[in-house]
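Enquirer: Structure below; questions to follow.
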Amino acid sequence: MNSEMLEKLGPFREEALARDIPSDDVERWIGFARPCATLSAVENGPVVAQFGGPLILPVDAPAPRFPFVASIDCAALPEGATDLPLPPDGQLLLFAFPDNEHNVSMGEVLYVPAGTIVEERAKDSHFFAEIPEYWEICRAFPQGPLRMTANVSLPYHCWTEILDEPWHAPLPEHPYSEQLRDVWLDKEKDITARGPLRVGGYASDERNELDPVAEAASLAVEQAGERAGTGTAHAAEDWVLLAEWHPGISGREGATVHWVIRRDDLAARRFGQVRVTVFWNP
């Protein structure tokens, strides 16, 4: 963790200690900190992404199955903005629909390397454009350039799943996880810039109890085991949050979209392995 991240977390440390959380536990929690890039239309940083805009795809790419959300210019992201093994150049195209269909990945990611021969495509060739209610939501997707602010992220969750009742427990070796999570929720707004799209860091949702990345990983591994006819071990630590989107649009208030992938798959550019989950409590 670099000194700038540590400095930003000063207010978190002070508040945690003021709540009588032992210093060793506070420092161990701070050790979880991860850099992330917050993308917003109102900040003053460099433009690194775009909500909407024309959909530019490789000429041989199949039509996307989900609505187009945003494009991220990998070359424009400063080194160290995240701890993810992102491509050094090209475009990451994010697709999703903010609805939480059970056991169904609700989006996809396409990577377009620099120098790829591309063409503009229609953005409404997906199933969601055929249903009036869904199409109205797609039409409300945000548009416009997004500027980056370098931020730091701490966990928004405090529990881990266990096999027996009560079915969850504090994160291993972190008996003060709930209190530390609460400190972060209270102090985050004083430490970080806010924005509707984030690259890297920790995933959040309205529950702030279980890690959305671990839940997505568990489901993906379970389904892979079912297809193979085997039981595969749950390895949530191998998975990372690629991006998180808070749509903030009418009809999907409170929804949060997570693009999640194994770190090794991200490094190998296997974006077909991305799983997209949505938390939405209508």
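Lettering and numbering for the structure tokens are positional, with chains as A, B, ... in the shown order, residues counted from 1 in each chain, and ligands counted from 1 in the shown order.
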List as a tab-separated table every residue of segment 67-129 of chain A that is in contact with segment 144-163 of chain A, defined as an atom at most 9 Å from one of its atoms (using only C-alpha atoms), together with the nearest atom pair and the distance in Å rounded to one decimal, sorted by chain and then rising number.
Expert:
```
residue	atom	partner	partner_atom	distance
A:Leu77	CA	A:Met148	CA	8.0
A:Pro78	CA	A:Ala150	CA	8.9
A:Gly80	CA	A:Ala150	CA	8.9
A:Ala81	CA	A:Ala150	CA	5.9
A:Thr82	CA	A:Ala150	CA	8.4
```
Enquirer: Please provide as a ChimeraX atom specification all residues within 8 Å of Val276 of chain A, with the sequence filter that same-chain residues fewer than 2 positions apart are discarded (counting only C-alpha atoms).
Expert: /A:96,105-108,216,257-260,274,278
Enquirer: Near Glu173 of chain A, counting only C-alpha atoms, which residues have an atom at most 12 Å away, once you skip same-chain residues fewer than 2 positions from it, shown as a short mmCIF file (atom, residue, chain, number, x, y, z; two decimals) with all heavy atoms, in the first residue's frame?
Expert:
```cif
data_model
loop_
_atom_site.label_atom_id
_atom_site.label_comp_id
_atom_site.auth_asym_id
_atom_site.auth_seq_id
_atom_site.Cartn_x
_atom_site.Cartn_y
_atom_site.Cartn_z
N ASP A 24 -4.59 -3.03 16.63
CA ASP A 24 -4.13 -4.12 15.77
C ASP A 24 -5.21 -4.52 14.77
O ASP A 24 -4.91 -4.83 13.60
CB ASP A 24 -3.74 -5.33 16.61
CG ASP A 24 -2.42 -5.14 17.34
OD1 ASP A 24 -1.73 -4.14 17.04
OD2 ASP A 24 -2.09 -5.97 18.20
N ASP A 25 -6.47 -4.52 15.22
CA ASP A 25 -7.57 -4.89 14.31
C ASP A 25 -7.79 -3.81 13.26
O ASP A 25 -8.11 -4.11 12.11
CB ASP A 25 -8.85 -5.13 15.12
CG ASP A 25 -8.76 -6.38 15.97
OD1 ASP A 25 -8.84 -7.49 15.41
OD2 ASP A 25 -8.58 -6.25 17.19
N ARG A 28 -4.98 -4.19 10.71
CA ARG A 28 -5.18 -5.39 9.90
C ARG A 28 -6.25 -5.13 8.84
O ARG A 28 -6.14 -5.58 7.69
CB ARG A 28 -5.56 -6.57 10.79
CG ARG A 28 -5.46 -7.91 10.11
CD ARG A 28 -5.24 -9.06 11.08
NE ARG A 28 -6.28 -9.11 12.11
CZ ARG A 28 -6.05 -8.96 13.41
NH1 ARG A 28 -4.83 -8.71 13.85
NH2 ARG A 28 -7.04 -9.03 14.29
N TRP A 29 -7.30 -4.41 9.20
CA TRP A 29 -8.36 -4.07 8.25
C TRP A 29 -7.85 -3.12 7.18
O TRP A 29 -8.15 -3.27 5.99
CB TRP A 29 -9.54 -3.44 9.01
CG TRP A 29 -10.81 -3.37 8.23
CD1 TRP A 29 -11.32 -2.29 7.58
CD2 TRP A 29 -11.76 -4.42 8.03
NE1 TRP A 29 -12.52 -2.58 6.99
CE2 TRP A 29 -12.81 -3.90 7.25
CE3 TRP A 29 -11.81 -5.76 8.43
CZ2 TRP A 29 -13.91 -4.67 6.87
CZ3 TRP A 29 -12.91 -6.52 8.05
CH2 TRP A 29 -13.94 -5.97 7.28
N CYS A 158 -19.02 -7.54 5.86
CA CYS A 158 -18.44 -7.91 7.16
C CYS A 158 -18.66 -9.38 7.51
O CYS A 158 -18.16 -9.83 8.53
CB CYS A 158 -19.02 -7.03 8.27
SG CYS A 158 -20.82 -7.09 8.41
N TRP A 159 -19.42 -10.11 6.70
CA TRP A 159 -19.73 -11.50 7.00
C TRP A 159 -19.16 -12.41 5.94
O TRP A 159 -18.92 -12.01 4.80
CB TRP A 159 -21.25 -11.74 7.06
CG TRP A 159 -21.94 -11.07 8.19
CD1 TRP A 159 -21.38 -10.53 9.32
CD2 TRP A 159 -23.35 -10.86 8.31
NE1 TRP A 159 -22.36 -10.01 10.13
CE2 TRP A 159 -23.58 -10.19 9.54
CE3 TRP A 159 -24.44 -11.17 7.51
CZ2 TRP A 159 -24.84 -9.83 9.98
CZ3 TRP A 159 -25.71 -10.81 7.93
CH2 TRP A 159 -25.90 -10.15 9.16
N THR A 160 -18.99 -13.67 6.33
CA THR A 160 -18.67 -14.73 5.38
C THR A 160 -19.67 -15.85 5.57
O THR A 160 -20.18 -16.05 6.68
CB THR A 160 -17.24 -15.25 5.59
OG1 THR A 160 -16.92 -16.20 4.56
CG2 THR A 160 -17.07 -15.91 6.94
N ALA A 169 -20.83 -15.56 9.60
CA ALA A 169 -19.99 -15.23 10.74
C ALA A 169 -19.09 -14.06 10.35
O ALA A 169 -18.94 -13.75 9.15
CB ALA A 169 -19.14 -16.45 11.14
N PRO A 170 -18.47 -13.39 11.33
CA PRO A 170 -17.51 -12.34 10.98
C PRO A 170 -16.41 -12.88 10.07
O PRO A 170 -16.09 -14.07 10.11
CB PRO A 170 -16.94 -11.90 12.34
CG PRO A 170 -17.99 -12.28 13.33
CD PRO A 170 -18.62 -13.54 12.79
N LEU A 171 -15.85 -12.02 9.25
CA LEU A 171 -14.77 -12.45 8.38
C LEU A 171 -13.67 -13.11 9.20
O LEU A 171 -13.37 -12.66 10.30
CB LEU A 171 -14.20 -11.26 7.61
CG LEU A 171 -15.15 -10.60 6.60
CD1 LEU A 171 -14.46 -9.41 5.95
CD2 LEU A 171 -15.60 -11.58 5.55
N PRO A 175 -12.68 -10.17 14.17
CA PRO A 175 -13.85 -10.16 15.06
C PRO A 175 -14.58 -8.83 15.09
O PRO A 175 -15.73 -8.77 15.49
CB PRO A 175 -13.24 -10.50 16.42
CG PRO A 175 -11.80 -10.10 16.32
CD PRO A 175 -11.42 -10.39 14.90
N TYR A 176 -13.91 -7.75 14.66
CA TYR A 176 -14.54 -6.43 14.65
C TYR A 176 -14.99 -6.03 13.24
O TYR A 176 -15.14 -4.85 12.95
CB TYR A 176 -13.57 -5.38 15.20
CG TYR A 176 -13.27 -5.53 16.67
CD1 TYR A 176 -12.23 -6.35 17.11
CD2 TYR A 176 -14.03 -4.87 17.63
CE1 TYR A 176 -11.95 -6.51 18.45
CE2 TYR A 176 -13.76 -5.02 18.98
CZ TYR A 176 -12.72 -5.84 19.39
OH TYR A 176 -12.46 -5.98 20.73
N SER A 177 -15.18 -7.01 12.38
CA SER A 177 -15.46 -6.70 10.99
C SER A 177 -16.72 -5.85 10.82
O SER A 177 -16.74 -4.93 9.98
CB SER A 177 -15.59 -7.99 10.16
OG SER A 177 -16.63 -8.81 10.66
#
```
Enquirer: Produce a table with one row for each residue of segment 112-176 of chain A that has an atom at most 9 Å from any atom of segment 233-250 of chain A, each row naming the nearest atom pair and its distance in Å at one decimal; use only C-alpha atoms; arrange rows by chain and rising residue number; format as a Markdown table.
Expert:
```
| residue | atom | partner | partner_atom | distance |
| --- | --- | --- | --- | --- |
| A:Ile137 | CA | A:Ser250 | CA | 7.5 |
| A:Ala140 | CA | A:Ile249 | CA | 6.4 |
| A:Phe141 | CA | A:Ile249 | CA | 7.1 |
| A:Pro142 | CA | A:Pro247 | CA | 7.6 |
```
Enquirer: How about saving the chosen residues, all heavy atoms kept, as a PDB file, in the first residue's frame?
Expert:
```
ATOM      1  N   ILE A 137     -36.187   1.480 -20.009  1.00  0.00           N
ATOM      2  CA  ILE A 137     -35.053   1.521 -19.088  1.00  0.00           C
ATOM      3  C   ILE A 137     -33.753   1.689 -19.869  1.00  0.00           C
ATOM      4  O   ILE A 137     -32.885   2.495 -19.503  1.00  0.00           O
ATOM      5  CB  ILE A 137     -35.023   0.246 -18.221  1.00  0.00           C
ATOM      6  CG1 ILE A 137     -36.233   0.240 -17.286  1.00  0.00           C
ATOM      7  CG2 ILE A 137     -33.726   0.149 -17.421  1.00  0.00           C
ATOM      8  CD1 ILE A 137     -36.438  -1.062 -16.550  1.00  0.00           C
ATOM      9  N   ALA A 140     -33.007   5.135 -20.846  1.00  0.00           N
ATOM     10  CA  ALA A 140     -32.621   6.010 -19.739  1.00  0.00           C
ATOM     11  C   ALA A 140     -31.176   5.813 -19.297  1.00  0.00           C
ATOM     12  O   ALA A 140     -30.702   6.501 -18.393  1.00  0.00           O
ATOM     13  CB  ALA A 140     -33.557   5.777 -18.547  1.00  0.00           C
ATOM     14  N   PHE A 141     -30.445   4.876 -19.928  1.00  0.00           N
ATOM     15  CA  PHE A 141     -29.042   4.679 -19.575  1.00  0.00           C
ATOM     16  C   PHE A 141     -28.288   6.004 -19.723  1.00  0.00           C
ATOM     17  O   PHE A 141     -28.524   6.759 -20.670  1.00  0.00           O
ATOM     18  CB  PHE A 141     -28.403   3.633 -20.479  1.00  0.00           C
ATOM     19  CG  PHE A 141     -28.655   2.208 -20.079  1.00  0.00           C
ATOM     20  CD1 PHE A 141     -29.728   1.864 -19.265  1.00  0.00           C
ATOM     21  CD2 PHE A 141     -27.825   1.193 -20.523  1.00  0.00           C
ATOM     22  CE1 PHE A 141     -29.954   0.540 -18.898  1.00  0.00           C
ATOM     23  CE2 PHE A 141     -28.027  -0.130 -20.170  1.00  0.00           C
ATOM     24  CZ  PHE A 141     -29.101  -0.459 -19.355  1.00  0.00           C
ATOM     25  N   PRO A 142     -27.361   6.301 -18.828  1.00  0.00           N
ATOM     26  CA  PRO A 142     -26.628   7.580 -18.911  1.00  0.00           C
ATOM     27  C   PRO A 142     -25.752   7.653 -20.145  1.00  0.00           C
ATOM     28  O   PRO A 142     -25.346   6.639 -20.708  1.00  0.00           O
ATOM     29  CB  PRO A 142     -25.798   7.583 -17.627  1.00  0.00           C
ATOM     30  CG  PRO A 142     -25.661   6.140 -17.258  1.00  0.00           C
ATOM     31  CD  PRO A 142     -26.932   5.481 -17.692  1.00  0.00           C
TER      32      PRO A 142
END
```
Enquirer: When DSSP is applied to the backbone of this structure, which of segment 36-255 of chain A are assigned strand (DSSP E)? Write them out as JSON, numbers by chain.
Expert: {"A": [36, 37, 38, 39, 40, 47, 48, 49, 50, 51, 55, 56, 57, 58, 68, 69, 70, 71, 72, 73, 91, 92, 93, 94, 95, 96, 107, 108, 109, 110, 111, 112, 118, 119, 120, 121, 144, 145, 146, 147, 148, 149, 150, 151, 152, 153, 159, 160, 161, 168, 169, 170, 197, 198, 199, 200, 239, 240, 241, 242, 243, 244, 245]}
Enquirer: Applying 8 Å and only C-alpha atoms, which residues near Val112 of chain A remain after dropping the ones on its own chain fewer than 5 positions away? List them as a list in words.
Expert: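 Contacts, in chain order: Leu57, Pro58, Gly90, Gln91, Leu92 and Leu93 of chain A.
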Enquirer: Could you save the residues just selected, with all heavy atoms, as an mmCIF file, in the first residue's frame?
Expert:
```cif
data_model
loop_
_atom_site.group_PDB
_atom_site.id
_atom_site.type_symbol
_atom_site.label_atom_id
_atom_site.label_comp_id
_atom_site.auth_asym_id
_atom_site.auth_seq_id
_atom_site.Cartn_x
_atom_site.Cartn_y
_atom_site.Cartn_z
ATOM 1 N N LEU A 57 -17.592 -2.116 -32.637
ATOM 2 C CA LEU A 57 -17.214 -3.506 -32.403
ATOM 3 C C LEU A 57 -16.292 -4.019 -33.505
ATOM 4 O O LEU A 57 -16.326 -3.516 -34.637
ATOM 5 C CB LEU A 57 -18.455 -4.400 -32.363
ATOM 6 C CG LEU A 57 -19.490 -4.166 -31.258
ATOM 7 C CD1 LEU A 57 -20.642 -5.142 -31.434
ATOM 8 C CD2 LEU A 57 -18.842 -4.319 -29.894
ATOM 9 N N PRO A 58 -15.500 -5.042 -33.211
ATOM 10 C CA PRO A 58 -14.762 -5.717 -34.293
ATOM 11 C C PRO A 58 -15.730 -6.228 -35.350
ATOM 12 O O PRO A 58 -16.860 -6.636 -35.036
ATOM 13 C CB PRO A 58 -14.073 -6.872 -33.562
ATOM 14 C CG PRO A 58 -13.962 -6.425 -32.136
ATOM 15 C CD PRO A 58 -15.191 -5.597 -31.882
ATOM 16 N N GLY A 90 -6.357 -0.364 -25.750
ATOM 17 C CA GLY A 90 -7.628 -0.886 -26.255
ATOM 18 C C GLY A 90 -8.798 -0.422 -25.413
ATOM 19 O O GLY A 90 -8.662 0.364 -24.470
ATOM 20 N N GLN A 91 -9.976 -0.935 -25.756
ATOM 21 C CA GLN A 91 -11.217 -0.545 -25.113
ATOM 22 C C GLN A 91 -11.875 -1.741 -24.426
ATOM 23 O O GLN A 91 -11.945 -2.829 -24.998
ATOM 24 C CB GLN A 91 -12.203 0.016 -26.149
ATOM 25 C CG GLN A 91 -11.709 1.249 -26.895
ATOM 26 C CD GLN A 91 -11.861 2.510 -26.072
ATOM 27 O OE1 GLN A 91 -12.821 2.664 -25.322
ATOM 28 N NE2 GLN A 91 -10.921 3.427 -26.234
ATOM 29 N N LEU A 92 -12.333 -1.522 -23.208
ATOM 30 C CA LEU A 92 -13.202 -2.476 -22.533
ATOM 31 C C LEU A 92 -14.632 -1.992 -22.689
ATOM 32 O O LEU A 92 -14.967 -0.883 -22.260
ATOM 33 C CB LEU A 92 -12.858 -2.578 -21.044
ATOM 34 C CG LEU A 92 -11.656 -3.426 -20.636
ATOM 35 C CD1 LEU A 92 -11.515 -3.398 -19.117
ATOM 36 C CD2 LEU A 92 -11.813 -4.858 -21.127
ATOM 37 N N LEU A 93 -15.477 -2.808 -23.292
ATOM 38 C CA LEU A 93 -16.881 -2.464 -23.495
ATOM 39 C C LEU A 93 -17.713 -3.237 -22.481
ATOM 40 O O LEU A 93 -17.651 -4.470 -22.415
ATOM 41 C CB LEU A 93 -17.323 -2.807 -24.912
ATOM 42 C CG LEU A 93 -16.468 -2.239 -26.057
ATOM 43 C CD1 LEU A 93 -17.092 -2.591 -27.405
ATOM 44 C CD2 LEU A 93 -16.292 -0.734 -25.924
#
```
Enquirer: Can you tell me, as a count of residues only, which residues in segment 102-263 of chain A count as alpha helix (DSSP H) by DSSP?
Expert: 41
Enquirer: Which of these, A:Ile191, A:Ala220, A:Ala255, A:Ile56, has the shortest distance to Arg207 of chain A once you count only C-alpha atoms?
Expert: A:Ala255
Enquirer: For Ala75 of chain A, find every residue with an atom within 12 Å (counting only C-alpha atoms), except residues of its own chain fewer than 6 positions away, and show them as a PyMOL selection string.
Expert: chain A and resi 46-49+81+86-92+113-114
Enquirer: Which is closest to Gly272 of chain A among A:Tyr111, A:Gly195, A:Ser204, A:Glu222, if we use only C-alpha atoms?
Expert: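 Under the stated criterion, the closest residue is A:Tyr111.
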Enquirer: Could you tell me how far atom CA of His126 of chain A sits from atom CA of Asp73 of chain A, in Å to one decimal place?
Expert: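 The value is 23.9 Å.
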Enquirer: Taking into account only C-alpha atoms, which residue in the set A:Asp264, A:Glu188, A:Glu136, A:Glu27 is nearest to Arg13 of chain A?
Expert: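 That would be A:Glu27, the residue with the smallest distance to Arg13 of chain A.
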Enquirer: Write out as a ChimeraX atom specification each polymer residue whose atoms come within 9 Å of Pro54 of chain A, counting only C-alpha atoms; drop sequence neighbours fewer than 4 positions from it.
Expert: /A:120-123
Enquirer: Can you work out which one of A:Ala267, A:Leu197, A:Cys138, A:Ile21 has the shortest atom-to-atom distance to Asp99 of chain A, counting only C-alpha atoms?
Expert: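 Under the stated criterion, the closest residue is A:Cys138.
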